[in-house]
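Note sheet for the following structure.
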Amino acid sequence: MSAAAELVIQDLRKVFFPRTVNEVMALKDVSLRVAPGDFITIIGSNGSGKSTLLNTIAGTLPATSGTLILDGQDITKLSEHRRAKFIGRVFQDPRAGTAPSMSIQENMAMAYLRGRRRGLGPGVPRRIKSRMRERLAELDMGLEDRLTSQVNKLSGGQRQAMSLLMATVAEPRMLLLDEHTAALDPKVAATIMELTGKIVNDSHMTTMMVTHNMEIALQWGNRLIMMHAGRIILDLAKEQKALLTVPDLVNKFHEASGETLAIDSMLLE
Ligand SMILES: Nc1ncnc2c1ncn2[C@@H]1O[C@H](COP(=O)(O)OP(=O)(O)O)[C@@H](O)[C@H]1O
Ligand SMILES: [Mg+2]
């Protein structure tokens, strides 16, 4: 059992194509303390640096400068592979979180054994099998009776539900979600969001969730961050965000960014 992590982000900068005409500073010295058990929703206009922030935390992208301290350990230089032992992730594309040509049980077993030293021998241990059947049954999608089905036979919602389970069964200290319901139709997206809330609340994992949907950003989590042009321009605690409506949030964006266009397009979704 892993405890929820504290993440201290100090002056995190990410520059793409440095010293070229295409130079982009996607993160402009971002500093943030994520408290253990925080469930932060992150919104912001397209290209504001949300995915880059999650990618540098996960180690998919190296930071240009700045530091990332997880529970007192400097992880800035740690490989993505090493960080994956304590950071779980789910992406927008349901195909990204699962191995398509492998069966449901092979995928799940892989996820269970992540972060352990020994790999998967032939067959799945019975103890793990019964546990994974339980977890799949909780999804209420009938997947527990289809353990040997190939994952590429499943719907997008089923695959995203599995991606969530797989990202969290090894009890990572931190969970990063990047618009993980955006590719699903509204009803399925709502189911996946409910499942996300349940998993995060049950485990108290420290969670950062990027969403395009301001209602969801207000409704879920204990803290809301708004990004714009590589910076965090708003950081609201639970009590503050409880009082806000979507129009309030749009106004706050306009005040904080000095721009009127970028976020309005987010409302047209
Ligand atoms: N791998 C990359 N290579 C070059 N530029 C990138 C890369 N990833 C993101 N960017 C640029 O960095 C900026 C922030 O992008 P991103 O973090 O994806 O924004 P968001 O997720 O908020 O929409 C954008 O200008 C984008 O074009
Ligand atoms: Mg993004």
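Chain labels A, B, ... are given in the sequence in which chains occur in the structure tokens; within each chain residues are numbered consecutively from 1, and ligands are likewise numbered from 1 in the order shown.
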Neighbouring residues of ligand 1 are defined here as those with any atom at most 10 Å from a ligand atom, counting only C-alpha atoms and all ligand atoms; list them as an MDAnalysis selection string.
chainID A and resid 14:17 22:27 42:56 60:61 178:179 210:212 226:230
Show me, as a PyMOL selection string, the residues that have an atom within 9 Å of range 74-89 of chain A when counting only C-alpha atoms, minus same-chain residues fewer than 2 positions from it.
chain A and resi 2+56-63+66-72+91+97+114-116+163-164+166-168+170-178
Closest of A:His180, A:Val169, A:Leu243, A:Met193 to ligand 2, counting only C-alpha atoms and all ligand atoms, is A:His180
List every residue of range 190-257 of chain A that DSSP, applied to the backbone, labels as helix (DSSP H, G or I), and write the result as a PyMOL selection string.
chain A and resi 190-203+214-219+238-242+246-257
When distances are computed from only C-alpha atoms, which of A:Val8, A:Ala161, A:Ala109, A:Ile192 shows the smallest separation from Arg95 in chain A?
A:Ala161
Considering only C-alpha atoms, can you say which of A:Val30, A:Ala3, A:Leu234, A:Ile9 comes closest to His254 in chain A?
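Distance minimum relative to His254 in chain A lands on A:Leu234.
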Would you return as a VMD selection string the members of range 15-204 of chain A that DSSP assigns to strand (DSSP E) on this structure's backbone?
chain A and resid 15 to 16 24 to 34 39 to 44 65 to 70 73 to 74 87 to 90 174 to 178
Would you mind listing what lies within 12 Å of Ser130 in chain A as a ChimeraX atom specification, with only C-alpha atoms counted and same-chain residues fewer than 5 positions away left out?
/A:105,108-109,124-125,135-137,144-145,147
What does the file look like for those residues with N, CA and C atoms, as a PDB file, in the first residue's frame?
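Output contents, as saved in selection05.pdb:
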```
ATOM      1  N   GLN A 105      -7.173 -10.422 -19.336  1.00  0.00           N
ATOM      2  CA  GLN A 105      -6.436 -10.862 -18.144  1.00  0.00           C
ATOM      3  C   GLN A 105      -4.929 -10.645 -18.276  1.00  0.00           C
ATOM      4  N   MET A 108      -4.457  -6.972 -17.490  1.00  0.00           N
ATOM      5  CA  MET A 108      -4.627  -6.708 -16.062  1.00  0.00           C
ATOM      6  C   MET A 108      -3.444  -7.240 -15.249  1.00  0.00           C
ATOM      7  N   ALA A 109      -2.984  -8.432 -15.613  1.00  0.00           N
ATOM      8  CA  ALA A 109      -1.869  -9.030 -14.868  1.00  0.00           C
ATOM      9  C   ALA A 109      -0.615  -8.173 -15.012  1.00  0.00           C
ATOM     10  N   VAL A 124      -1.245 -16.725 -15.103  1.00  0.00           N
ATOM     11  CA  VAL A 124      -1.510 -15.668 -14.127  1.00  0.00           C
ATOM     12  C   VAL A 124      -1.790 -16.318 -12.771  1.00  0.00           C
ATOM     13  N   PRO A 125      -1.089 -15.914 -11.711  1.00  0.00           N
ATOM     14  CA  PRO A 125      -1.330 -16.525 -10.403  1.00  0.00           C
ATOM     15  C   PRO A 125      -2.808 -16.426 -10.005  1.00  0.00           C
ATOM     16  N   ARG A 135     -12.229  -6.750  -9.407  1.00  0.00           N
ATOM     17  CA  ARG A 135     -12.104  -5.344  -9.836  1.00  0.00           C
ATOM     18  C   ARG A 135     -12.854  -5.100 -11.146  1.00  0.00           C
ATOM     19  N   LEU A 136     -12.753  -6.055 -12.068  1.00  0.00           N
ATOM     20  CA  LEU A 136     -13.456  -5.919 -13.351  1.00  0.00           C
ATOM     21  C   LEU A 136     -14.967  -5.954 -13.138  1.00  0.00           C
ATOM     22  N   ALA A 137     -15.422  -6.803 -12.193  1.00  0.00           N
ATOM     23  CA  ALA A 137     -16.856  -6.902 -11.913  1.00  0.00           C
ATOM     24  C   ALA A 137     -17.386  -5.564 -11.406  1.00  0.00           C
ATOM     25  N   GLU A 144     -15.547  -9.208 -16.486  1.00  0.00           N
ATOM     26  CA  GLU A 144     -15.031 -10.314 -15.672  1.00  0.00           C
ATOM     27  C   GLU A 144     -15.339 -11.676 -16.300  1.00  0.00           C
ATOM     28  N   ASP A 145     -16.330 -11.704 -17.190  1.00  0.00           N
ATOM     29  CA  ASP A 145     -16.666 -12.966 -17.868  1.00  0.00           C
ATOM     30  C   ASP A 145     -15.993 -13.072 -19.235  1.00  0.00           C
ATOM     31  N   LEU A 147     -12.453 -12.674 -19.690  1.00  0.00           N
ATOM     32  CA  LEU A 147     -11.028 -12.524 -19.360  1.00  0.00           C
ATOM     33  C   LEU A 147     -10.085 -12.857 -20.509  1.00  0.00           C
TER      34      LEU A 147
END
```
Residue nearest ligand 2 - candidates A:Asp29, A:Asp248, A:Asp93, A:Asp38, atoms counted: only C-alpha atoms and all ligand atoms:
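The shortest atom-to-atom distance to ligand 2 comes from A:Asp93.
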Choose the residue, out of A:Ile233, A:Val34, A:Met162, A:Leu139, that has the smallest atom-to-atom separation from Pro94 in chain A; count only C-alpha atoms.
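Result for the nearest residue to Pro94 in chain A: A:Met162.
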